[in-house]
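K.L.:
Provided herewith: data06.cif, mmCIF, C-alpha atoms.
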```cif
data_input
#
loop_
_atom_site.label_atom_id
_atom_site.label_comp_id
_atom_site.auth_asym_id
_atom_site.auth_seq_id
_atom_site.Cartn_x
_atom_site.Cartn_y
_atom_site.Cartn_z
CA MET A 1 -92.91 -16.06 53.73
CA GLU A 2 -95.29 -18.85 54.72
CA GLN A 3 -98.02 -17.16 52.68
CA GLY A 4 -95.68 -17.10 49.69
CA ARG A 5 -94.96 -20.82 50.02
CA ALA A 6 -98.68 -21.55 50.24
CA THR A 7 -99.31 -19.46 47.12
CA LEU A 8 -96.51 -21.27 45.31
CA ASP A 9 -97.93 -24.69 46.16
CA GLU A 10 -101.40 -23.59 45.11
CA SER A 11 -99.98 -22.33 41.81
CA TYR A 12 -98.06 -25.56 41.23
CA ASP A 13 -101.22 -27.56 41.87
CA ARG A 14 -103.06 -25.63 39.15
CA LEU A 15 -100.18 -25.72 36.70
CA HIS A 16 -99.54 -29.44 37.04
CA LYS A 17 -102.92 -30.00 35.44
CA THR A 18 -101.56 -28.34 32.30
CA GLY A 19 -99.01 -29.60 29.80
CA PRO A 20 -95.42 -28.41 29.43
CA GLU A 21 -96.21 -26.99 25.99
CA PHE A 22 -99.11 -25.39 24.18
CA ARG A 23 -99.93 -24.48 20.58
CA GLY A 24 -97.63 -27.25 19.45
CA PHE A 25 -94.26 -25.88 20.51
CA LEU A 26 -94.52 -23.00 23.03
CA SER A 27 -93.19 -23.84 26.49
CA ASN A 28 -95.31 -23.45 29.60
CA HIS A 29 -93.48 -20.81 31.64
CA GLY A 30 -96.05 -20.69 34.43
CA PRO A 31 -94.15 -22.61 37.16
CA MET A 32 -91.00 -20.60 36.57
CA VAL A 33 -92.74 -17.24 36.57
CA VAL A 34 -94.79 -17.76 39.72
CA GLU A 35 -91.69 -18.97 41.56
CA ALA A 36 -89.79 -15.85 40.49
CA MET A 37 -92.64 -13.50 41.40
CA ILE A 38 -92.97 -14.98 44.87
CA ARG A 39 -89.19 -14.93 45.31
CA HIS A 40 -89.22 -11.18 44.78
CA GLY A 41 -92.17 -10.39 47.00
CA HIS A 42 -94.98 -10.23 44.45
CA ASP A 43 -97.04 -13.18 45.71
CA ASP A 44 -100.07 -10.88 45.91
CA ALA A 45 -99.99 -10.59 42.10
CA VAL A 46 -99.36 -14.26 41.32
CA LEU A 47 -102.89 -15.63 41.22
CA LYS A 48 -104.18 -12.80 39.03
CA TRP A 49 -101.30 -13.32 36.60
CA LEU A 50 -101.92 -17.05 36.64
CA ASP A 51 -105.64 -16.63 35.96
CA GLY A 52 -104.77 -14.97 32.68
CA TYR A 53 -101.90 -17.26 31.75
CA VAL A 54 -103.63 -20.61 32.23
CA GLN A 55 -106.22 -19.64 29.63
CA ARG A 56 -103.49 -20.10 27.03
CA LEU A 57 -102.43 -23.54 28.26
CA GLU A 58 -103.57 -27.05 27.36
CA LEU A 59 -104.51 -29.98 29.55
CA PHE A 60 -101.72 -32.27 30.66
CA PRO A 61 -101.28 -35.19 28.22
CA SER A 62 -102.16 -38.63 29.45
CA SER A 63 -99.65 -41.40 30.06
CA SER A 64 -99.88 -44.39 27.74
CA GLU A 65 -96.82 -46.58 28.31
CA SER A 66 -94.40 -47.04 31.18
CA ILE A 67 -90.78 -45.92 30.91
CA GLY A 68 -88.55 -48.85 31.77
CA SER A 69 -84.89 -49.84 31.79
CA ASP A 70 -84.71 -48.94 28.10
CA TRP A 71 -85.48 -45.30 28.97
CA ASN A 72 -82.85 -44.05 26.51
CA LYS A 73 -85.11 -45.09 23.65
CA ALA A 74 -87.73 -42.62 24.88
CA LEU A 75 -85.33 -39.66 25.17
CA GLY A 76 -86.41 -36.83 22.91
CA ASP A 77 -89.88 -38.24 22.24
CA VAL A 78 -92.22 -35.40 23.21
CA ARG A 79 -95.22 -37.65 22.60
CA ARG A 80 -94.20 -39.48 25.78
CA VAL A 81 -93.99 -36.50 28.10
CA GLY A 82 -96.88 -37.94 30.11
CA ASP A 83 -94.99 -41.23 30.47
CA TRP A 84 -91.85 -39.40 31.53
CA THR A 85 -93.73 -37.38 34.14
CA ARG A 86 -95.26 -40.47 35.71
CA TYR A 87 -91.83 -42.10 35.66
CA PHE A 88 -90.17 -39.26 37.57
CA GLU A 89 -93.08 -38.92 39.98
CA ASP A 90 -92.70 -42.61 40.85
CA ILE A 91 -88.94 -42.32 41.31
CA LEU A 92 -89.21 -39.21 43.47
CA ALA A 93 -91.77 -40.94 45.67
CA GLU A 94 -89.18 -43.61 46.48
CA GLN A 95 -85.90 -41.72 46.92
CA PRO A 96 -84.61 -38.26 47.90
CA TRP A 97 -84.88 -35.63 45.19
CA ARG A 98 -81.14 -34.90 45.30
CA THR A 99 -80.42 -38.56 44.54
CA THR A 100 -82.74 -38.46 41.54
CA LEU A 101 -81.25 -35.19 40.33
CA ASN A 102 -77.69 -36.54 40.51
CA VAL A 103 -78.61 -39.70 38.60
CA TRP A 104 -80.48 -37.89 35.85
CA TRP A 105 -78.58 -34.63 35.50
CA PRO A 106 -75.60 -36.23 33.69
CA ARG A 107 -77.97 -38.20 31.48
CA LEU A 108 -79.91 -35.12 30.44
CA LEU A 109 -77.11 -32.56 30.34
CA PRO A 110 -75.85 -33.38 26.80
CA GLY A 111 -79.34 -32.32 25.66
CA ILE A 112 -79.30 -29.01 27.53
CA ALA A 113 -81.05 -27.20 24.68
CA ALA A 114 -84.19 -29.36 25.08
CA GLY A 115 -87.32 -27.30 24.55
CA ALA A 116 -85.20 -24.23 23.67
CA THR A 117 -83.46 -24.74 27.06
CA HIS A 118 -86.76 -24.61 28.97
CA GLY A 119 -86.17 -28.10 30.36
CA VAL A 120 -83.07 -27.11 32.30
CA ILE A 121 -84.55 -23.70 33.19
CA ARG A 122 -87.62 -25.30 34.74
CA VAL A 123 -85.41 -27.73 36.66
CA GLY A 124 -83.25 -24.83 37.87
CA HIS A 125 -86.27 -23.01 39.29
CA ALA A 126 -87.52 -26.20 40.95
CA VAL A 127 -84.13 -26.85 42.54
CA ARG A 128 -83.95 -23.29 43.87
CA THR A 129 -87.34 -23.73 45.51
CA LEU A 130 -86.41 -27.06 47.10
CA THR A 131 -83.08 -25.81 48.41
CA THR A 132 -84.32 -22.47 49.77
CA ASP A 133 -87.95 -23.07 50.74
CA GLY A 134 -87.90 -26.72 51.73
CA GLU A 135 -89.74 -29.74 50.43
CA SER A 136 -93.44 -30.30 49.88
CA PRO A 137 -95.20 -32.89 47.71
CA LEU A 138 -96.06 -30.24 45.12
CA ARG A 139 -92.50 -28.89 44.97
CA ILE A 140 -91.18 -32.41 44.49
CA ARG A 141 -93.75 -32.93 41.75
CA GLU A 142 -92.61 -29.73 40.04
CA LEU A 143 -89.10 -31.18 39.83
CA ALA A 144 -90.62 -34.31 38.26
CA HIS A 145 -92.40 -32.19 35.65
CA GLY A 146 -89.20 -30.28 34.88
CA LEU A 147 -87.07 -33.39 34.47
CA ALA A 148 -89.78 -35.03 32.37
CA TYR A 149 -89.99 -32.10 29.98
CA TRP A 150 -86.20 -32.05 29.62
CA ALA A 151 -86.18 -35.79 28.85
CA ALA A 152 -89.08 -35.61 26.41
CA ARG A 153 -87.52 -32.76 24.41
CA TRP A 154 -83.92 -34.02 24.73
CA GLN A 155 -81.68 -33.31 21.74
CA ARG A 156 -77.91 -33.76 21.71
CA VAL A 157 -75.93 -30.54 21.32
CA SER A 158 -72.61 -29.90 19.59
CA MET A 159 -69.58 -31.38 21.36
CA ALA A 160 -71.76 -33.30 23.81
CA SER A 161 -69.41 -36.28 23.60
CA ASN A 162 -66.74 -34.21 25.38
CA PHE A 163 -68.85 -33.26 28.41
CA TRP A 164 -67.52 -35.96 30.70
CA ASP A 165 -63.89 -35.28 29.86
CA VAL A 166 -63.63 -31.51 29.55
CA GLY A 167 -59.85 -31.74 29.47
CA ALA A 168 -59.81 -34.19 26.56
CA GLU A 169 -57.33 -34.01 23.70
CA GLU A 170 -59.92 -32.44 21.42
CA ASP A 171 -60.51 -29.73 24.02
CA SER A 172 -56.82 -28.91 24.36
CA ARG A 173 -56.35 -28.93 20.60
CA HIS A 174 -58.73 -25.99 20.24
CA ALA A 175 -57.85 -24.24 23.50
CA ASN A 176 -56.64 -20.66 23.43
CA PRO A 177 -53.21 -20.39 25.13
CA HIS A 178 -54.30 -16.92 26.28
CA PRO A 179 -57.93 -17.46 27.36
CA TRP A 180 -60.40 -14.67 26.69
CA PRO A 181 -62.40 -13.05 29.45
CA ILE A 182 -66.02 -14.11 29.11
CA ASP A 183 -67.32 -10.73 27.97
CA LEU A 184 -64.66 -10.60 25.25
CA ALA A 185 -65.49 -14.15 24.19
CA LEU A 186 -69.16 -13.22 23.77
CA ALA A 187 -68.12 -10.22 21.68
CA HIS A 188 -65.99 -12.46 19.40
CA LEU A 189 -68.74 -14.98 18.71
CA PRO A 190 -69.75 -15.22 15.06
CA ARG A 191 -73.20 -13.91 14.27
CA MET A 192 -75.65 -15.78 12.10
CA ASP A 193 -77.50 -13.87 9.42
CA PRO A 194 -81.29 -14.28 9.92
CA SER A 195 -81.63 -15.91 6.50
CA GLN A 196 -79.01 -18.50 7.44
CA ARG A 197 -80.85 -19.11 10.72
CA ASP A 198 -84.15 -19.72 8.96
CA GLU A 199 -82.60 -22.02 6.39
CA GLY A 200 -81.10 -24.13 9.17
CA GLY A 201 -84.35 -24.53 11.09
CA GLY A 202 -83.64 -22.20 14.01
CA LEU A 203 -82.31 -23.47 17.33
CA ASP A 204 -83.59 -27.03 16.91
CA GLY A 205 -82.00 -27.26 13.48
CA TRP A 206 -78.66 -25.78 14.47
CA ILE A 207 -78.04 -27.00 18.00
CA SER A 208 -76.34 -30.23 16.96
CA ARG A 209 -74.44 -28.48 14.15
CA MET A 210 -72.96 -25.42 15.87
CA ALA A 211 -69.41 -26.64 15.25
CA GLU A 212 -70.07 -26.13 11.52
CA ILE A 213 -70.25 -22.36 12.05
CA SER A 214 -66.87 -20.80 11.39
CA GLY A 215 -65.33 -19.35 14.53
CA TRP A 216 -67.90 -20.62 17.03
CA ARG A 217 -65.88 -23.60 18.21
CA ASP A 218 -62.75 -21.46 18.63
CA VAL A 219 -64.59 -19.07 20.94
CA VAL A 220 -66.13 -21.87 23.00
CA TYR A 221 -62.69 -23.41 23.55
CA GLY A 222 -61.07 -20.00 23.73
CA THR A 223 -62.25 -19.63 27.30
CA GLN A 224 -60.91 -21.68 30.17
CA ILE A 225 -63.23 -23.39 32.64
CA PRO A 226 -61.54 -23.66 36.05
CA GLU A 227 -60.68 -26.98 37.66
CA LYS A 228 -61.61 -26.19 41.27
CA PRO A 229 -65.33 -26.43 42.10
CA GLU A 230 -65.45 -23.15 44.02
CA GLU A 231 -63.88 -21.40 41.03
CA ILE A 232 -66.34 -23.06 38.65
CA LEU A 233 -69.26 -21.58 40.56
CA THR A 234 -67.72 -18.12 40.28
CA TRP A 235 -66.83 -18.62 36.60
CA LEU A 236 -70.37 -19.61 35.70
CA ALA A 237 -71.73 -16.62 37.60
CA HIS A 238 -69.47 -14.45 35.43
CA VAL A 239 -71.00 -16.08 32.33
CA VAL A 240 -74.47 -15.05 33.51
CA ASP A 241 -73.26 -11.55 34.42
CA ALA A 242 -71.69 -11.01 31.01
CA ALA A 243 -74.70 -12.43 29.15
CA VAL A 244 -77.09 -10.03 30.90
CA VAL A 245 -74.94 -7.02 30.00
CA HIS A 246 -74.51 -8.36 26.46
CA TYR A 247 -78.32 -8.44 26.12
CA CYS A 248 -78.38 -4.66 26.53
CA GLU A 249 -76.54 -4.14 23.27
CA TYR A 250 -77.40 -7.23 21.23
CA GLY A 251 -80.72 -8.53 22.53
CA HIS A 252 -82.67 -6.81 19.77
CA GLY A 253 -81.61 -9.54 17.35
CA ASN A 254 -84.41 -11.61 18.89
CA GLY A 255 -85.67 -10.28 22.21
CA ILE A 256 -87.30 -13.51 23.38
CA MET A 257 -84.69 -16.07 22.31
CA MET A 258 -81.81 -13.96 23.63
CA VAL A 259 -83.46 -14.07 27.07
CA HIS A 260 -82.59 -17.76 27.15
CA SER A 261 -78.90 -17.05 26.57
CA VAL A 262 -79.10 -15.60 30.08
CA THR A 263 -81.64 -17.74 31.93
CA ALA A 264 -80.27 -21.12 30.77
CA PRO A 265 -76.77 -20.70 32.24
CA ASN A 266 -78.32 -19.18 35.36
CA ALA A 267 -80.48 -22.27 35.78
CA VAL A 268 -77.34 -24.43 35.74
CA TRP A 269 -75.64 -22.09 38.23
CA ARG A 270 -78.61 -22.44 40.58
CA ALA A 271 -78.55 -26.22 40.33
CA LEU A 272 -74.82 -26.72 40.93
CA PRO A 273 -74.93 -26.66 44.77
CA ALA A 274 -77.39 -29.58 44.71
CA LEU A 275 -75.16 -31.64 42.43
CA ASP A 276 -72.15 -33.80 43.09
CA ARG A 277 -69.11 -31.64 42.36
CA HIS A 278 -67.93 -34.26 39.90
CA TRP A 279 -70.50 -32.88 37.45
CA TRP A 280 -69.76 -29.18 37.94
CA ARG A 281 -67.17 -28.65 35.23
CA ALA A 282 -69.14 -30.49 32.57
CA SER A 283 -72.23 -28.55 33.63
CA ALA A 284 -70.37 -25.26 33.22
CA LEU A 285 -69.34 -26.32 29.70
CA ALA A 286 -72.93 -27.23 28.84
CA ALA A 287 -74.17 -23.87 30.13
CA TRP A 288 -71.50 -22.07 28.11
CA ILE A 289 -72.42 -23.99 24.97
CA ALA A 290 -76.07 -23.08 25.44
CA ALA A 291 -75.28 -19.40 25.98
CA THR A 292 -72.88 -19.16 23.03
CA SER A 293 -75.18 -21.10 20.70
CA LEU A 294 -78.15 -18.86 21.43
CA THR A 295 -75.98 -15.77 21.09
CA THR A 296 -74.53 -16.84 17.75
CA ILE A 297 -77.93 -17.74 16.34
CA TYR A 298 -80.04 -14.87 17.69
CA ALA A 299 -77.90 -11.88 18.71
CA SER A 300 -78.06 -8.85 16.46
CA LEU A 301 -75.27 -8.24 13.98
CA VAL A 302 -74.69 -4.70 15.30
CA PRO A 303 -75.08 -3.24 18.80
CA MET A 304 -77.95 -0.98 19.75
CA GLU A 305 -77.08 2.69 19.84
CA SER A 306 -76.28 3.97 23.33
CA THR A 307 -78.72 6.86 22.90
CA ARG A 308 -81.54 4.38 22.33
CA LEU A 309 -80.55 2.46 25.47
CA LEU A 310 -80.71 5.65 27.51
CA GLU A 311 -84.23 6.29 26.23
CA ILE A 312 -85.39 2.85 27.35
CA SER A 313 -84.08 2.74 30.91
CA PRO A 314 -84.32 5.29 33.72
CA THR A 315 -81.00 6.72 34.86
CA THR A 316 -81.21 5.32 38.39
CA PRO A 317 -83.38 2.20 38.42
CA THR A 318 -83.70 0.24 41.66
CA PRO A 319 -83.94 -3.57 41.80
CA GLN A 320 -87.40 -3.37 43.39
CA ASP A 321 -88.74 -0.95 40.78
CA THR A 322 -87.17 -2.95 37.99
CA PHE A 323 -88.83 -6.20 38.98
CA ALA A 324 -92.15 -4.43 39.60
CA ARG A 325 -91.88 -3.03 36.08
CA ALA A 326 -91.43 -6.56 34.74
CA VAL A 327 -94.50 -7.79 36.65
CA ASP A 328 -96.54 -4.86 35.31
CA HIS A 329 -95.33 -5.71 31.80
CA GLY A 330 -96.67 -9.23 32.35
CA ASP A 331 -94.77 -11.21 29.72
CA GLU A 332 -93.32 -14.42 31.08
CA HIS A 333 -89.92 -13.91 29.43
CA VAL A 334 -89.52 -10.42 30.84
CA ILE A 335 -90.35 -11.60 34.36
CA LYS A 336 -87.91 -14.51 34.19
CA PHE A 337 -85.23 -12.28 32.72
CA ALA A 338 -85.73 -9.77 35.53
CA ASP A 339 -85.34 -12.57 38.06
CA THR A 340 -81.90 -13.40 36.67
CA ALA A 341 -80.91 -9.76 36.17
CA LEU A 342 -81.55 -9.07 39.84
CA ASP A 343 -79.24 -11.98 40.71
CA VAL A 344 -76.58 -10.30 38.58
CA TYR A 345 -77.15 -6.88 40.10
CA ALA A 346 -76.87 -8.31 43.61
CA ARG A 347 -73.43 -9.71 42.70
CA THR A 348 -72.07 -6.85 40.62
CA HIS A 349 -74.06 -3.68 41.39
CA ASP A 350 -73.80 -3.01 37.67
CA SER A 351 -76.74 -0.83 36.67
CA ARG A 352 -76.58 -2.29 33.16
CA ALA A 353 -78.12 -5.47 34.58
CA LEU A 354 -81.22 -3.51 35.53
CA ALA A 355 -81.18 -1.55 32.27
CA ALA A 356 -81.26 -4.88 30.43
CA VAL A 357 -84.66 -5.62 31.97
CA TYR A 358 -86.06 -2.39 30.54
CA GLN A 359 -84.50 -3.32 27.23
CA ALA A 360 -86.27 -6.71 27.32
CA GLY A 361 -89.55 -4.98 28.13
CA SER A 362 -89.13 -2.72 25.10
CA LEU A 363 -88.35 -5.62 22.76
CA ILE A 364 -91.04 -8.06 23.90
CA LYS A 365 -94.73 -7.31 23.61
CA PRO A 366 -96.62 -7.01 26.93
#
```
Show this structure as structure tokens.

P.N.:
Amino acid sequence: MEQGRATLDESYDRLHKTGPEFRGFLSNHGPMVVEAMIRHGHDDAVLKWLDGYVQRLELFPSSSESIGSDWNKALGDVRRVGDWTRYFEDILAEQPWRTTLNVWWPRLLPGIAAGATHGVIRVGHAVRTLTTDGESPLRIRELAHGLAYWAARWQRVSMASNFWDVGAEEDSRHANPHPWPIDLALAHLPRMDPSQRDEGGGLDGWISRMAEISGWRDVVYGTQIPEKPEEILTWLAHVVDAAVVHYCEYGHGNGIMMVHSVTAPNAVWRALPALDRHWWRASALAAWIAATSLTTIYASLVPMESTRLLEISPTTPTPQDTFARAVDHGDEHVIKFADTALDVYARTHDSRALAAVYQAGSLIKP
């Protein structure tokens, strides 16, 4: 385990010299992938994978101007990601990381879709490392990089004004008196035709306009987020569980983007224990909005045939073999998806969670 932590810190050190994006808009998945690989016992493969991946990345952008008390004016300005990173590094050098997280989480949460949800996903991985493996300067810095990317790509999502009062009148006005189970709610989500998606500018174009899509708002409010914190944690785990299984049948609409309908809510679930429970219910709503938005925009219109699914996945996959298959595949999305799918399998023992990893590997190029 100590060797794994050393490998993780070495990897973070290399990756913090690179920017959070490359080729103009693609997110740097390196920190998330190496953390997942080490978590599942593949630290011996990390440095080789990283050697190949960093060749695609770009140098970290320089900082030009300090972020001050008017920080809200810099939200969503990706040109200032270097400024944001220096800002969070300075804050985290002065106060505990949990304090920083609890101050900034509610500020950033209404923009959960930032960087196609990679901001919150990167933060979720960083929080898992800090809570399970302990602190180190490089792990603290990774949290700074994650928060900075989230802030720099921040974009308000639909219904964000309701986050801090989930039981508001508007919420109750749309609520279903007979709440749907989560898997049924996902099945009832409207599906966007690809031509409609392209005309609207994809996720960035639609994320603040999801309420315009007929039926989407009814499904989001047609579920019921629990009041008690311990029930919220379980409810959000069920969201992740259902989203992984849903990927099996509908992920072929867009194999890569549908991965995020799973990994984004899981990132929130991982972060909840480090947050003040006051923010849990709003966080669950944000995670649900992210999952349902991505599903509506990118899920296929029709399910994949069961015979095709059987061809993709072995009849009795094991968690260890499944993750090893993802590492051999090599794509960053497949590895991150496998990391979440194994969380789901550990909770549910549902073999469809493992089959979904093979499905992702068949949809995404190695």

K.L.:
CA of Tyr358 (chain A) and CA of Val262 (chain A) are how many Å apart?

P.N.:
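Going from CA of Tyr358 (chain A) over to CA of Val262 (chain A), I get 14.9 Å.
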
K.L.:
Pull the closest atom pair for each residue of region 119-173 of chain A that gets at most 12 Å from region 336-351 of chain A, along with the distance in Å to one decimal, counting all atoms listed in the file, ordering rows by chain and then ascending residue number, as JSON lines.

P.N.:
```
{"residue": "A:Ile121", "atom": "CA", "partner": "A:Lys336", "partner_atom": "CA", "distance": 9.8}
{"residue": "A:Arg122", "atom": "CA", "partner": "A:Lys336", "partner_atom": "CA", "distance": 10.8}
{"residue": "A:Gly124", "atom": "CA", "partner": "A:Thr340", "partner_atom": "CA", "distance": 11.6}
{"residue": "A:His125", "atom": "CA", "partner": "A:Lys336", "partner_atom": "CA", "distance": 10.0}
```

K.L.:
So how far away is CA of Pro303 (chain A) from CA of Leu354 (chain A), in Å?

P.N.:
17.8 Å

K.L.:
When you look at region 42-44 of chain A with a cut-off of 10 Å (counting all atoms listed in the file), what residues show up, excluding the ones that are within fewer than 4 positions of it in the same chain? I need them as a list in words.

P.N.:
Met1, Gln3, Gly4, Arg5, Ala6, Thr7, Leu8, Val34, Glu35, Ala36, Met37, Ile38, Lys48, Trp49, Phe323, Ala324 and Val327 of chain A

K.L.:
Quick one: which residues end up in the PyMOL selection byres ((chain A and resi 363) around 10) for this structure, as a ChimeraX atom specification?

P.N.:
/A:251-256,334,357-362,364-366

K.L.:
When distances are computed from only C-alpha atoms, which of A:Asp241, A:Trp84, A:Gln155, A:His246 shows the smallest separation from Arg209 (chain A)?

P.N.:
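Of A:Asp241, A:Trp84, A:Gln155, A:His246, the one nearest Arg209 (chain A), counting only C-alpha atoms, is A:Gln155.
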
K.L.:
Select, from A:Asp321, A:Asp77, A:Glu227, A:Asp218, the residue with the minimum atom-to-atom distance to Gly115 (chain A), counting only C-alpha atoms.

P.N.:
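Ranked by minimum distance to Gly115 (chain A), first place goes to A:Asp77.
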
K.L.:
Please provide as a PDB file with C-alpha atoms, keeping the file's coordinate frame all residues within 12 Å of Ile140 (chain A), with the sequence filter that same-chain residues fewer than 3 positions apart are discarded (counting all atoms listed in the file).

P.N.:
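Here's the written file out.pdb:
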```
ATOM      1  CA  ASP A   9     -97.930 -24.690  46.160  1.00  0.00           C
ATOM      2  CA  TYR A  12     -98.060 -25.560  41.230  1.00  0.00           C
ATOM      3  CA  ASP A  13    -101.220 -27.560  41.870  1.00  0.00           C
ATOM      4  CA  HIS A  16     -99.540 -29.440  37.040  1.00  0.00           C
ATOM      5  CA  THR A  85     -93.730 -37.380  34.140  1.00  0.00           C
ATOM      6  CA  PHE A  88     -90.170 -39.260  37.570  1.00  0.00           C
ATOM      7  CA  GLU A  89     -93.080 -38.920  39.980  1.00  0.00           C
ATOM      8  CA  ASP A  90     -92.700 -42.610  40.850  1.00  0.00           C
ATOM      9  CA  ILE A  91     -88.940 -42.320  41.310  1.00  0.00           C
ATOM     10  CA  LEU A  92     -89.210 -39.210  43.470  1.00  0.00           C
ATOM     11  CA  ALA A  93     -91.770 -40.940  45.670  1.00  0.00           C
ATOM     12  CA  GLU A  94     -89.180 -43.610  46.480  1.00  0.00           C
ATOM     13  CA  GLN A  95     -85.900 -41.720  46.920  1.00  0.00           C
ATOM     14  CA  PRO A  96     -84.610 -38.260  47.900  1.00  0.00           C
ATOM     15  CA  TRP A  97     -84.880 -35.630  45.190  1.00  0.00           C
ATOM     16  CA  ARG A  98     -81.140 -34.900  45.300  1.00  0.00           C
ATOM     17  CA  THR A 100     -82.740 -38.460  41.540  1.00  0.00           C
ATOM     18  CA  LEU A 101     -81.250 -35.190  40.330  1.00  0.00           C
ATOM     19  CA  VAL A 123     -85.410 -27.730  36.660  1.00  0.00           C
ATOM     20  CA  HIS A 125     -86.270 -23.010  39.290  1.00  0.00           C
ATOM     21  CA  ALA A 126     -87.520 -26.200  40.950  1.00  0.00           C
ATOM     22  CA  VAL A 127     -84.130 -26.850  42.540  1.00  0.00           C
ATOM     23  CA  ARG A 128     -83.950 -23.290  43.870  1.00  0.00           C
ATOM     24  CA  THR A 129     -87.340 -23.730  45.510  1.00  0.00           C
ATOM     25  CA  LEU A 130     -86.410 -27.060  47.100  1.00  0.00           C
ATOM     26  CA  THR A 131     -83.080 -25.810  48.410  1.00  0.00           C
ATOM     27  CA  ASP A 133     -87.950 -23.070  50.740  1.00  0.00           C
ATOM     28  CA  GLY A 134     -87.900 -26.720  51.730  1.00  0.00           C
ATOM     29  CA  GLU A 135     -89.740 -29.740  50.430  1.00  0.00           C
ATOM     30  CA  SER A 136     -93.440 -30.300  49.880  1.00  0.00           C
ATOM     31  CA  PRO A 137     -95.200 -32.890  47.710  1.00  0.00           C
ATOM     32  CA  LEU A 143     -89.100 -31.180  39.830  1.00  0.00           C
ATOM     33  CA  ALA A 144     -90.620 -34.310  38.260  1.00  0.00           C
ATOM     34  CA  HIS A 145     -92.400 -32.190  35.650  1.00  0.00           C
ATOM     35  CA  GLY A 146     -89.200 -30.280  34.880  1.00  0.00           C
ATOM     36  CA  LEU A 147     -87.070 -33.390  34.470  1.00  0.00           C
TER      37      LEU A 147
END
```

K.L.:
Applied to the shown file, which residues does the PyMOL selection byres ((chain A and resi 192-207) around 6) return, written as a list in words?

P.N.:
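Given this file, the PyMOL selection byres ((chain A and resi 192-207) around 6) evaluates to Val157, Arg191, Ser208, Arg209, Met210, Thr296 and Ile297 of chain A.
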
K.L.:
For the point (-90.7, -41.0, 29.6) in file coordinates, what residues are within 7 Å, counting only C-alpha atoms? Give the answer as a ChimeraX atom specification?

P.N.:
/A:67,71,74,80-85,87,148,151-152

K.L.:
Selection from above, C-alpha atoms, as a compact mmCIF listing (two decimals), in the frame of the given file, can you write it?

P.N.:
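Writing the result to selection11.txt gives the following:
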```txt
# COMPACT_ATOMS: atom_id res chain seq x y z
CA ILE A 67 -90.78 -45.92 30.91
CA TRP A 71 -85.48 -45.30 28.97
CA ALA A 74 -87.73 -42.62 24.88
CA ARG A 80 -94.20 -39.48 25.78
CA VAL A 81 -93.99 -36.50 28.10
CA GLY A 82 -96.88 -37.94 30.11
CA ASP A 83 -94.99 -41.23 30.47
CA TRP A 84 -91.85 -39.40 31.53
CA THR A 85 -93.73 -37.38 34.14
CA TYR A 87 -91.83 -42.10 35.66
CA ALA A 148 -89.78 -35.03 32.37
CA ALA A 151 -86.18 -35.79 28.85
CA ALA A 152 -89.08 -35.61 26.41
```

K.L.:
From the options A:Lys17, A:Arg281, A:Arg139, A:Arg325, which residue's atoms come nearest to Ser313 (chain A), counting only C-alpha atoms?

P.N.:
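Using only C-alpha atoms, Ser313 (chain A) sits closest to A:Arg325.
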
K.L.:
Please evaluate the PyMOL selection byres ((chain A and resi 156) around 9) against the structure above and give the resulting residues as a PyMOL selection string.

P.N.:
chain A and resi 109-114+154-155+157-160+207-208

K.L.:
Report as JSON the centre and the edge lengths, in Å to one decimal, of the axis-aligned box holding every listed atom of region 252-256 of chain A, padded by 3 Å on each side.

P.N.:
```
{"center_x": -84.5, "center_y": -10.2, "center_z": 20.4, "size_x": 11.7, "size_y": 12.7, "size_z": 12.0}
```

K.L.:
Which distance in Å separates CA of His260 (chain A) and CA of Lys73 (chain A), to one decimal?

P.N.:
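Going from CA of His260 (chain A) over to CA of Lys73 (chain A) covers 27.7 Å.
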
K.L.:
Tell me, as a PyMOL selection string, which residues lie within 12 Å of Phe22 (chain A), counting only C-alpha atoms; anything in the same chain fewer than 2 positions away does not count.

P.N.:
chain A and resi 18-20+24-30+53-61+115

K.L.:
Compare A:Leu189, A:Leu15, A:Ala286, A:Leu75 by their minimum atom-to-atom distance to Gly215 (chain A), counting all atoms listed in the file, and give me the closest one.

P.N.:
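Among the listed residues, A:Leu189 lies closest to Gly215 (chain A).
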
K.L.:
Under the rule that only C-alpha atoms are counted, which of A:Ala284, A:Leu294, A:Pro190, A:Ala274 is the nearest residue to Leu236 (chain A)?

P.N.:
A:Ala284

K.L.:
Starting from the structure just given, write a file holding region 133-144 of chain A with C-alpha atoms, as a PDB file, in the first residue's frame.

P.N.:
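Final output, saved to out-v2.pdb:
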```pdb
ATOM      1  CA  ASP A 133      -4.983   7.326   2.073  1.00  0.00           C
ATOM      2  CA  GLY A 134      -4.229  10.359   4.198  1.00  0.00           C
ATOM      3  CA  GLU A 135      -2.790  13.745   3.392  1.00  0.00           C
ATOM      4  CA  SER A 136       0.375  14.678   1.555  1.00  0.00           C
ATOM      5  CA  PRO A 137       1.341  17.972  -0.100  1.00  0.00           C
ATOM      6  CA  LEU A 138       0.761  16.493  -3.554  1.00  0.00           C
ATOM      7  CA  ARG A 139      -2.659  15.086  -2.639  1.00  0.00           C
ATOM      8  CA  ILE A 140      -3.680  18.462  -1.240  1.00  0.00           C
ATOM      9  CA  ARG A 141      -2.443  20.080  -4.433  1.00  0.00           C
ATOM     10  CA  GLU A 142      -4.523  17.659  -6.496  1.00  0.00           C
ATOM     11  CA  LEU A 143      -7.630  18.879  -4.668  1.00  0.00           C
ATOM     12  CA  ALA A 144      -6.582  22.449  -5.528  1.00  0.00           C
TER      13      ALA A 144
END
```
